[in-house]
file protein_14.cif (mmCIF, C-alpha atoms; chains and numbers go by the auth columns)
data_input
loop_
_atom_site.group_PDB
_atom_site.id
_atom_site.type_symbol
_atom_site.label_atom_id
_atom_site.label_comp_id
_atom_site.label_asym_id
_atom_site.label_seq_id
_atom_site.Cartn_x
_atom_site.Cartn_y
_atom_site.Cartn_z
_atom_site.B_iso_or_equiv
_atom_site.auth_seq_id
_atom_site.auth_asym_id
ATOM 1 C CA MET A 1 45.383 109.204 168.944 0.00 1 A
ATOM 2 C CA LYS A 2 44.308 106.332 171.212 0.00 2 A
ATOM 3 C CA GLU A 3 41.692 105.313 168.650 0.00 3 A
ATOM 4 C CA ARG A 4 44.306 105.349 165.866 0.00 4 A
ATOM 5 C CA PHE A 5 46.630 103.222 167.975 0.00 5 A
ATOM 6 C CA LEU A 6 43.954 100.677 168.844 0.00 6 A
ATOM 7 C CA LYS A 7 42.775 100.451 165.226 0.00 7 A
ATOM 8 C CA TYR A 8 46.074 100.533 163.320 0.00 8 A
ATOM 9 C CA GLY A 9 48.804 99.881 165.895 0.00 9 A
ATOM 10 C CA GLY A 10 51.982 101.847 166.529 0.00 10 A
ATOM 11 C CA GLU A 11 53.110 101.856 162.899 0.00 11 A
ATOM 12 C CA GLN A 12 50.684 104.671 162.165 0.00 12 A
ATOM 13 C CA LEU A 13 52.271 106.907 164.819 0.00 13 A
ATOM 14 C CA GLU A 14 55.586 108.742 164.813 0.00 14 A
ATOM 15 C CA ASP A 15 58.014 108.520 167.730 0.00 15 A
ATOM 16 C CA HIS A 16 56.863 111.726 169.386 0.00 16 A
ATOM 17 C CA GLN A 17 53.220 110.656 169.026 0.00 17 A
ATOM 18 C CA LEU A 18 53.825 107.312 170.727 0.00 18 A
ATOM 19 C CA LEU A 19 55.689 109.137 173.472 0.00 19 A
ATOM 20 C CA GLU A 20 52.834 111.611 173.763 0.00 20 A
ATOM 21 C CA LEU A 21 50.392 108.727 174.192 0.00 21 A
ATOM 22 C CA ILE A 22 52.547 107.261 176.988 0.00 22 A
ATOM 23 C CA LEU A 23 52.899 110.617 178.733 0.00 23 A
ATOM 24 C CA PHE A 24 49.143 111.135 178.724 0.00 24 A
ATOM 25 C CA TYR A 25 48.735 108.302 181.246 0.00 25 A
ATOM 26 C CA ALA A 26 51.147 109.993 183.649 0.00 26 A
ATOM 27 C CA LEU A 27 49.943 113.543 182.928 0.00 27 A
ATOM 28 C CA PRO A 28 46.261 113.312 181.922 0.00 28 A
ATOM 29 C CA GLN A 29 45.692 117.042 182.439 0.00 29 A
ATOM 30 C CA GLY A 30 47.052 119.408 179.805 0.00 30 A
ATOM 31 C CA ASP A 31 48.873 119.137 176.484 0.00 31 A
ATOM 32 C CA VAL A 32 51.854 116.742 176.632 0.00 32 A
ATOM 33 C CA ASN A 33 52.876 117.304 173.005 0.00 33 A
ATOM 34 C CA PRO A 34 55.524 119.954 173.857 0.00 34 A
ATOM 35 C CA LEU A 35 56.992 117.673 176.553 0.00 35 A
ATOM 36 C CA ALA A 36 57.196 114.758 174.117 0.00 36 A
ATOM 37 C CA HIS A 37 59.115 116.952 171.658 0.00 37 A
ATOM 38 C CA ARG A 38 61.457 118.198 174.410 0.00 38 A
ATOM 39 C CA LEU A 39 62.298 114.631 175.364 0.00 39 A
ATOM 40 C CA ILE A 40 62.931 113.558 171.756 0.00 40 A
ATOM 41 C CA ASN A 41 65.091 116.637 171.149 0.00 41 A
ATOM 42 C CA ARG A 42 67.070 116.031 174.360 0.00 42 A
ATOM 43 C CA PHE A 43 67.728 112.296 173.967 0.00 43 A
ATOM 44 C CA GLY A 44 67.485 111.833 170.193 0.00 44 A
ATOM 45 C CA SER A 45 64.874 109.115 169.722 0.00 45 A
ATOM 46 C CA LEU A 46 62.026 107.270 171.415 0.00 46 A
ATOM 47 C CA ARG A 47 64.326 104.357 172.244 0.00 47 A
ATOM 48 C CA GLU A 48 66.877 106.624 173.900 0.00 48 A
ATOM 49 C CA VAL A 49 64.146 108.328 175.932 0.00 49 A
ATOM 50 C CA LEU A 50 62.904 104.972 177.243 0.00 50 A
ATOM 51 C CA ASP A 51 66.481 103.818 177.957 0.00 51 A
ATOM 52 C CA ALA A 52 67.483 107.044 179.705 0.00 52 A
ATOM 53 C CA ASP A 53 68.499 107.115 183.359 0.00 53 A
ATOM 54 C CA PRO A 54 65.584 108.237 185.578 0.00 54 A
ATOM 55 C CA GLU A 55 67.705 111.008 187.095 0.00 55 A
ATOM 56 C CA GLU A 56 68.431 112.373 183.616 0.00 56 A
ATOM 57 C CA LEU A 57 64.751 112.191 182.730 0.00 57 A
ATOM 58 C CA LYS A 58 63.811 114.168 185.827 0.00 58 A
ATOM 59 C CA GLN A 59 66.076 117.012 184.704 0.00 59 A
ATOM 60 C CA ILE A 60 63.528 117.748 181.958 0.00 60 A
ATOM 61 C CA ALA A 61 60.869 120.205 183.106 0.00 61 A
ATOM 62 C CA GLY A 62 57.578 118.357 183.560 0.00 62 A
ATOM 63 C CA ILE A 63 59.080 114.920 184.301 0.00 63 A
ATOM 64 C CA SER A 64 58.434 113.731 187.858 0.00 64 A
ATOM 65 C CA THR A 65 59.577 110.517 189.544 0.00 65 A
ATOM 66 C CA HIS A 66 56.164 109.059 188.689 0.00 66 A
ATOM 67 C CA THR A 67 56.566 109.859 184.977 0.00 67 A
ATOM 68 C CA ALA A 68 60.201 108.695 184.864 0.00 68 A
ATOM 69 C CA ALA A 69 59.159 105.361 186.391 0.00 69 A
ATOM 70 C CA LEU A 70 56.445 104.923 183.754 0.00 70 A
ATOM 71 C CA LEU A 71 58.909 105.592 180.914 0.00 71 A
ATOM 72 C CA ARG A 72 61.480 103.165 182.350 0.00 72 A
ATOM 73 C CA LEU A 73 58.773 100.522 182.741 0.00 73 A
ATOM 74 C CA PHE A 74 58.371 100.099 178.974 0.00 74 A
ATOM 75 C CA PRO A 75 61.801 98.579 178.133 0.00 75 A
ATOM 76 C CA GLU A 76 61.580 96.340 181.208 0.00 76 A
ATOM 77 C CA VAL A 77 58.177 94.993 180.171 0.00 77 A
ATOM 78 C CA SER A 78 59.364 94.629 176.563 0.00 78 A
ATOM 79 C CA ALA A 79 62.412 92.653 177.674 0.00 79 A
ATOM 80 C CA ARG A 80 60.321 90.335 179.848 0.00 80 A
ATOM 81 C CA TYR A 81 57.786 89.823 177.042 0.00 81 A
ATOM 82 C CA GLN A 82 60.441 89.042 174.413 0.00 82 A
ATOM 83 C CA GLN A 83 62.414 86.776 176.735 0.00 83 A
ATOM 84 C CA THR A 84 59.291 84.772 177.595 0.00 84 A
ATOM 85 C CA GLU A 85 58.414 84.497 173.899 0.00 85 A
ATOM 86 C CA ALA A 86 61.943 83.412 172.950 0.00 86 A
ATOM 87 C CA VAL A 87 62.082 80.768 175.692 0.00 87 A
ATOM 88 C CA SER A 88 58.624 79.363 174.915 0.00 88 A
ATOM 89 C CA SER A 89 59.349 79.089 171.192 0.00 89 A
ATOM 90 C CA ALA A 90 62.878 77.629 171.490 0.00 90 A
ATOM 91 C CA THR A 91 63.282 74.042 170.314 0.00 91 A
ATOM 92 C CA ALA A 92 66.995 73.240 170.601 0.00 92 A
ATOM 93 C CA ILE A 93 69.981 75.351 171.669 0.00 93 A
ATOM 94 C CA CYS A 94 72.894 73.930 169.708 0.00 94 A
ATOM 95 C CA ASN A 95 75.238 76.871 169.154 0.00 95 A
ATOM 96 C CA ALA A 96 75.916 80.552 169.821 0.00 96 A
ATOM 97 C CA ALA A 97 73.343 81.746 167.283 0.00 97 A
ATOM 98 C CA ASP A 98 70.587 79.700 168.929 0.00 98 A
ATOM 99 C CA ALA A 99 71.530 80.973 172.379 0.00 99 A
ATOM 100 C CA ALA A 100 71.764 84.567 171.151 0.00 100 A
ATOM 101 C CA GLU A 101 68.107 84.511 170.097 0.00 101 A
ATOM 102 C CA ILE A 102 67.174 84.127 173.749 0.00 102 A
ATOM 103 C CA PHE A 103 69.958 86.142 175.349 0.00 103 A
ATOM 104 C CA ARG A 104 69.390 89.224 173.178 0.00 104 A
ATOM 105 C CA SER A 105 66.047 89.983 174.831 0.00 105 A
ATOM 106 C CA CYS A 106 67.607 89.714 178.300 0.00 106 A
ATOM 107 C CA PHE A 107 69.666 92.864 177.815 0.00 107 A
ATOM 108 C CA ILE A 108 67.049 95.246 176.393 0.00 108 A
ATOM 109 C CA GLY A 109 67.420 98.578 178.160 0.00 109 A
ATOM 110 C CA ALA A 110 70.194 97.299 180.451 0.00 110 A
ATOM 111 C CA ARG A 111 71.985 100.128 182.273 0.00 111 A
ATOM 112 C CA VAL A 112 74.287 97.841 184.303 0.00 112 A
ATOM 113 C CA GLU A 113 76.178 94.697 183.365 0.00 113 A
ATOM 114 C CA LYS A 114 74.131 91.511 183.778 0.00 114 A
ATOM 115 C CA VAL A 115 75.007 87.816 183.521 0.00 115 A
ATOM 116 C CA TYR A 116 72.505 85.229 182.243 0.00 116 A
ATOM 117 C CA MET A 117 72.873 81.486 181.772 0.00 117 A
ATOM 118 C CA ILE A 118 71.012 79.047 179.531 0.00 118 A
ATOM 119 C CA SER A 119 70.892 75.413 180.636 0.00 119 A
ATOM 120 C CA THR A 120 70.223 72.519 178.251 0.00 120 A
ATOM 121 C CA ASP A 121 70.028 68.740 178.496 0.00 121 A
ATOM 122 C CA ALA A 122 72.069 66.210 176.520 0.00 122 A
ATOM 123 C CA LYS A 123 69.744 66.633 173.527 0.00 123 A
ATOM 124 C CA SER A 124 70.180 70.428 173.551 0.00 124 A
ATOM 125 C CA LYS A 125 66.648 70.958 174.863 0.00 125 A
ATOM 126 C CA LEU A 126 66.247 74.235 176.740 0.00 126 A
ATOM 127 C CA LEU A 127 65.870 73.723 180.487 0.00 127 A
ATOM 128 C CA GLY A 128 65.856 77.372 181.532 0.00 128 A
ATOM 129 C CA CYS A 129 67.357 80.846 181.243 0.00 129 A
ATOM 130 C CA ASP A 130 68.420 82.396 184.575 0.00 130 A
ATOM 131 C CA LEU A 131 69.778 85.723 185.763 0.00 131 A
ATOM 132 C CA ILE A 132 73.040 84.906 187.530 0.00 132 A
ATOM 133 C CA ALA A 133 74.238 88.370 188.553 0.00 133 A
ATOM 134 C CA GLN A 134 74.089 92.081 187.872 0.00 134 A
ATOM 135 C CA GLY A 135 76.617 94.711 188.797 0.00 135 A
ATOM 136 C CA ALA A 136 77.800 98.182 187.852 0.00 136 A
ATOM 137 C CA THR A 137 77.983 99.988 184.516 0.00 137 A
ATOM 138 C CA ASP A 138 81.465 98.632 183.839 0.00 138 A
ATOM 139 C CA ALA A 139 81.770 95.375 185.805 0.00 139 A
ATOM 140 C CA VAL A 140 79.885 92.401 187.190 0.00 140 A
ATOM 141 C CA LEU A 141 80.998 89.556 189.441 0.00 141 A
ATOM 142 C CA MET A 142 80.549 86.117 187.861 0.00 142 A
ATOM 143 C CA ASP A 143 80.019 83.979 190.949 0.00 143 A
ATOM 144 C CA SER A 144 81.180 80.421 190.256 0.00 144 A
ATOM 145 C CA ARG A 145 79.057 79.079 193.111 0.00 145 A
ATOM 146 C CA LYS A 146 75.878 80.650 191.711 0.00 146 A
ATOM 147 C CA VAL A 147 76.644 79.317 188.211 0.00 147 A
ATOM 148 C CA VAL A 148 77.293 75.792 189.513 0.00 148 A
ATOM 149 C CA ARG A 149 74.286 75.836 191.866 0.00 149 A
ATOM 150 C CA THR A 150 71.962 76.974 189.073 0.00 150 A
ATOM 151 C CA ALA A 151 73.313 74.419 186.588 0.00 151 A
ATOM 152 C CA LEU A 152 72.840 71.628 189.126 0.00 152 A
ATOM 153 C CA SER A 153 69.315 72.763 190.013 0.00 153 A
ATOM 154 C CA ARG A 154 68.439 72.644 186.302 0.00 154 A
ATOM 155 C CA ASN A 155 70.106 69.215 185.949 0.00 155 A
ATOM 156 C CA ALA A 156 72.049 70.719 183.039 0.00 156 A
ATOM 157 C CA PHE A 157 74.241 68.781 180.640 0.00 157 A
ATOM 158 C CA GLN A 158 75.659 71.977 179.155 0.00 158 A
ATOM 159 C CA VAL A 159 75.285 75.716 179.681 0.00 159 A
ATOM 160 C CA PHE A 160 75.732 78.922 177.706 0.00 160 A
ATOM 161 C CA LEU A 161 76.752 82.106 179.508 0.00 161 A
ATOM 162 C CA ALA A 162 76.194 85.679 178.360 0.00 162 A
ATOM 163 C CA HIS A 163 76.725 89.122 179.802 0.00 163 A
ATOM 164 C CA CYS A 164 76.391 92.646 178.455 0.00 164 A
ATOM 165 C CA HIS A 165 78.824 95.530 178.122 0.00 165 A
ATOM 166 C CA VAL A 166 76.840 98.738 178.557 0.00 166 A
ATOM 167 C CA SER A 167 79.851 100.622 177.191 0.00 167 A
ATOM 168 C CA GLY A 168 78.691 99.584 173.714 0.00 168 A
ATOM 169 C CA ILE A 169 81.791 97.488 172.908 0.00 169 A
ATOM 170 C CA ALA A 170 81.320 93.713 172.796 0.00 170 A
ATOM 171 C CA ILE A 171 85.023 92.794 172.845 0.00 171 A
ATOM 172 C CA PRO A 172 85.777 90.388 175.738 0.00 172 A
ATOM 173 C CA SER A 173 88.146 91.875 178.310 0.00 173 A
ATOM 174 C CA LYS A 174 91.024 90.133 180.060 0.00 174 A
ATOM 175 C CA ALA A 175 88.784 89.824 183.129 0.00 175 A
ATOM 176 C CA ASP A 176 86.085 88.196 180.957 0.00 176 A
ATOM 177 C CA ARG A 177 88.564 85.597 179.689 0.00 177 A
ATOM 178 C CA GLN A 178 89.863 84.848 183.169 0.00 178 A
ATOM 179 C CA ALA A 179 86.349 84.503 184.612 0.00 179 A
ATOM 180 C CA THR A 180 85.326 82.216 181.744 0.00 180 A
ATOM 181 C CA ALA A 181 88.312 79.922 182.326 0.00 181 A
ATOM 182 C CA ARG A 182 87.498 79.781 186.057 0.00 182 A
ATOM 183 C CA LEU A 183 83.832 78.972 185.410 0.00 183 A
ATOM 184 C CA GLN A 184 84.699 76.358 182.803 0.00 184 A
ATOM 185 C CA GLN A 185 87.020 74.618 185.245 0.00 185 A
ATOM 186 C CA ALA A 186 84.377 74.613 187.978 0.00 186 A
ATOM 187 C CA LEU A 187 81.749 73.146 185.650 0.00 187 A
ATOM 188 C CA ASP A 188 84.144 70.569 184.202 0.00 188 A
ATOM 189 C CA LEU A 189 84.626 69.082 187.669 0.00 189 A
ATOM 190 C CA LEU A 190 80.887 68.280 187.694 0.00 190 A
ATOM 191 C CA GLY A 191 80.768 66.974 184.131 0.00 191 A
ATOM 192 C CA ILE A 192 78.842 70.011 182.860 0.00 192 A
ATOM 193 C CA GLN A 193 80.008 71.590 179.609 0.00 193 A
ATOM 194 C CA LEU A 194 80.379 75.338 179.187 0.00 194 A
ATOM 195 C CA ALA A 195 79.365 75.521 175.531 0.00 195 A
ATOM 196 C CA ASP A 196 80.092 79.225 174.971 0.00 196 A
ATOM 197 C CA HIS A 197 80.238 82.645 176.572 0.00 197 A
ATOM 198 C CA LEU A 198 78.665 85.510 174.609 0.00 198 A
ATOM 199 C CA ILE A 199 79.393 89.198 175.150 0.00 199 A
ATOM 200 C CA PHE A 200 76.547 91.542 174.111 0.00 200 A
ATOM 201 C CA ALA A 201 76.574 95.255 173.357 0.00 201 A
ATOM 202 C CA ASP A 202 73.808 97.218 171.610 0.00 202 A
ATOM 203 C CA GLY A 203 72.168 94.036 170.305 0.00 203 A
ATOM 204 C CA ASP A 204 75.347 92.612 168.765 0.00 204 A
ATOM 205 C CA TYR A 205 77.438 89.886 170.337 0.00 205 A
ATOM 206 C CA VAL A 206 80.837 88.208 170.254 0.00 206 A
ATOM 207 C CA SER A 207 81.201 84.452 170.823 0.00 207 A
ATOM 208 C CA MET A 208 84.291 83.699 172.915 0.00 208 A
ATOM 209 C CA LEU A 209 84.350 80.137 171.571 0.00 209 A
ATOM 210 C CA GLN A 210 84.245 81.230 167.938 0.00 210 A
ATOM 211 C CA SER A 211 86.829 83.917 168.677 0.00 211 A
ATOM 212 C CA GLY A 212 89.256 81.331 170.098 0.00 212 A
ATOM 213 C CA MET A 213 89.140 82.879 173.579 0.00 213 A
ATOM 214 C CA MET A 214 88.029 79.724 175.385 0.00 214 A
ATOM 215 C CA ASP A 215 88.518 75.964 175.090 0.00 215 A
ATOM 216 C CA GLY A 216 86.034 74.058 172.976 0.00 216 A
#

call {"tool": "encode", "arguments": {"input": "protein_14.cif", "output": "structure tokens"}}
result
Amino acid sequence: MKERFLKYGGEQLEDHQLLELILFYALPQGDVNPLAHRLINRFGSLREVLDADPEELKQIAGISTHTAALLRLFPEVSARYQQTEAVSSATAICNAADAAEIFRSCFIGARVEKVYMISTDAKSKLLGCDLIAQGATDAVLMDSRKVVRTALSRNAFQVFLAHCHVSGIAIPSKADRQATARLQQALDLLGIQLADHLIFADGDYVSMLQSGMMDG
């Protein structure tokens, strides 16, 4: 199976076979095929296995803390890889769609709400993408001081904010609208524009600017 993967890549392997290959590195002794099938049957797909909470994973016979950590490592590495690729290939961030190409990778496998911010200069050139905060499964504190401090350290002309809803619903809440208005006011005082605030859920997003939920 390793030879097939190295020669042809993952496209030649089914979900349970890729999972079996991963499990082999945590459990090199014995047949891990039955365990791979148990995990797929329990969680539904390879993606859901890799996104599963470690405590849930450890409820499956044969999954130790060591193995659960290895499985959870894959979405984290994937997110870091894709975020780095998106940032390095970005030319100009002019609107929500441009920002979403970078933000989307930031929330791969997220199990708690996270806030990220993109900073750009006056010509819309990307200056950086920073993690501002992370919280619980249903809330995160958007610290105005951290947003302002990060924007100033990047010498930003404008910023885009984004955070994820792990509930799977990307509709901005009342708290989201209030926090956005507070952050916009704080940035305005420094002459920095808040271009948009995007809410992500399961890879999709809602633009608060385009939805009329914030001032342009």

call {"tool": "closest_residue", "arguments": {"input": "protein_14.cif", "among": "A:Ala156, A:Leu6, A:Leu39, A:Leu183", "to": "Gln59 of chain A", "atoms": "all atoms listed in the file"}}
result
A:Leu39

call {"tool": "closest_residue", "arguments": {"input": "protein_14.cif", "among": "A:Ser167, A:Asn155, A:Gln12, A:Ser144", "to": "Leu187 of chain A", "atoms": "all atoms listed in the file"}}
result
A:Ser144

call {"tool": "resolve_selection", "arguments": {"input": "protein_14.cif", "expression": "the PyMOL selection byres ((chain A and resi 37) around 12)", "output": "ChimeraX atom specification"}}
result
/A:14-20,23,31-36,38-46,49,60

call {"tool": "closest_residue", "arguments": {"input": "protein_14.cif", "among": "A:Cys106, A:Cys94, A:Val115, A:Ala52", "to": "Ala136 of chain A", "atoms": "only C-alpha atoms"}}
result
A:Val115

call {"tool": "resolve_selection", "arguments": {"input": "protein_14.cif", "expression": "the PyMOL selection byres ((chain A and resi 182) around 12)", "output": "list in words"}}
result
Met142, Asp143, Ser144, Arg145, Val147, Val148, Ala175, Asp176, Arg177, Gln178, Ala179, Thr180, Ala181, Leu183, Gln184, Gln185, Ala186, Leu187, Asp188, Leu189, Leu194, Met214 and Asp215 of chain A

call {"tool": "write_last_selection", "arguments": {"input": "protein_14.cif", "atoms": "C-alpha atoms", "output": "JSON list (two decimals), keeping the file's coordinate frame"}}
result
[["chain", "number", "residue", "atom", "x", "y", "z"],
["A", 142, "MET", "CA", 80.55, 86.12, 187.86],
["A", 143, "ASP", "CA", 80.02, 83.98, 190.95],
["A", 144, "SER", "CA", 81.18, 80.42, 190.26],
["A", 145, "ARG", "CA", 79.06, 79.08, 193.11],
["A", 147, "VAL", "CA", 76.64, 79.32, 188.21],
["A", 148, "VAL", "CA", 77.29, 75.79, 189.51],
["A", 175, "ALA", "CA", 88.78, 89.82, 183.13],
["A", 176, "ASP", "CA", 86.08, 88.20, 180.96],
["A", 177, "ARG", "CA", 88.56, 85.60, 179.69],
["A", 178, "GLN", "CA", 89.86, 84.85, 183.17],
["A", 179, "ALA", "CA", 86.35, 84.50, 184.61],
["A", 180, "THR", "CA", 85.33, 82.22, 181.74],
["A", 181, "ALA", "CA", 88.31, 79.92, 182.33],
["A", 183, "LEU", "CA", 83.83, 78.97, 185.41],
["A", 184, "GLN", "CA", 84.70, 76.36, 182.80],
["A", 185, "GLN", "CA", 87.02, 74.62, 185.24],
["A", 186, "ALA", "CA", 84.38, 74.61, 187.98],
["A", 187, "LEU", "CA", 81.75, 73.15, 185.65],
["A", 188, "ASP", "CA", 84.14, 70.57, 184.20],
["A", 189, "LEU", "CA", 84.63, 69.08, 187.67],
["A", 194, "LEU", "CA", 80.38, 75.34, 179.19],
["A", 214, "MET", "CA", 88.03, 79.72, 175.38],
["A", 215, "ASP", "CA", 88.52, 75.96, 175.09]]

call {"tool": "closest_residue", "arguments": {"input": "protein_14.cif", "among": "A:Leu198, A:Val140, A:Arg72, A:Tyr205", "to": "Ile169 of chain A", "atoms": "all atoms listed in the file"}}
result
A:Tyr205

call {"tool": "residues_around", "arguments": {"input": "protein_14.cif", "residues": "Ser211 of chain A", "least_positions_apart": "5", "cutoff": "12 Å", "atoms": "all atoms listed in the file", "output": "short mmCIF file (atom, residue, chain, number, x, y, z; two decimals) with C-alpha atoms, in the coordinates of the input"}}
result
data_model
loop_
_atom_site.label_atom_id
_atom_site.label_comp_id
_atom_site.auth_asym_id
_atom_site.auth_seq_id
_atom_site.Cartn_x
_atom_site.Cartn_y
_atom_site.Cartn_z
CA ALA A 96 75.92 80.55 169.82
CA ALA A 170 81.32 93.71 172.80
CA ILE A 171 85.02 92.79 172.84
CA PRO A 172 85.78 90.39 175.74
CA ARG A 177 88.56 85.60 179.69
CA ASP A 196 80.09 79.22 174.97
CA HIS A 197 80.24 82.64 176.57
CA LEU A 198 78.67 85.51 174.61
CA ILE A 199 79.39 89.20 175.15
CA TYR A 205 77.44 89.89 170.34
CA VAL A 206 80.84 88.21 170.25
CA GLY A 216 86.03 74.06 172.98
#

call {"tool": "residues_near_point", "arguments": {"input": "protein_14.cif", "point": "(72.8, 92.5, 169.6)", "cutoff": "10 Å", "atoms": "all atoms listed in the file", "output": "list in words"}}
result
Ala100, Glu101, Phe103, Arg104, Ser105, Phe107, Ile108, Cys164, Ala170, Ile199, Phe200, Ala201, Asp202, Gly203, Asp204, Tyr205 and Val206 of chain A

call {"tool": "resolve_selection", "arguments": {"input": "protein_14.cif", "expression": "the PyMOL selection byres ((chain A and resi 159) around 6)", "output": "PyMOL selection string"}}
result
chain A and resi 118-119+158+160+194-195
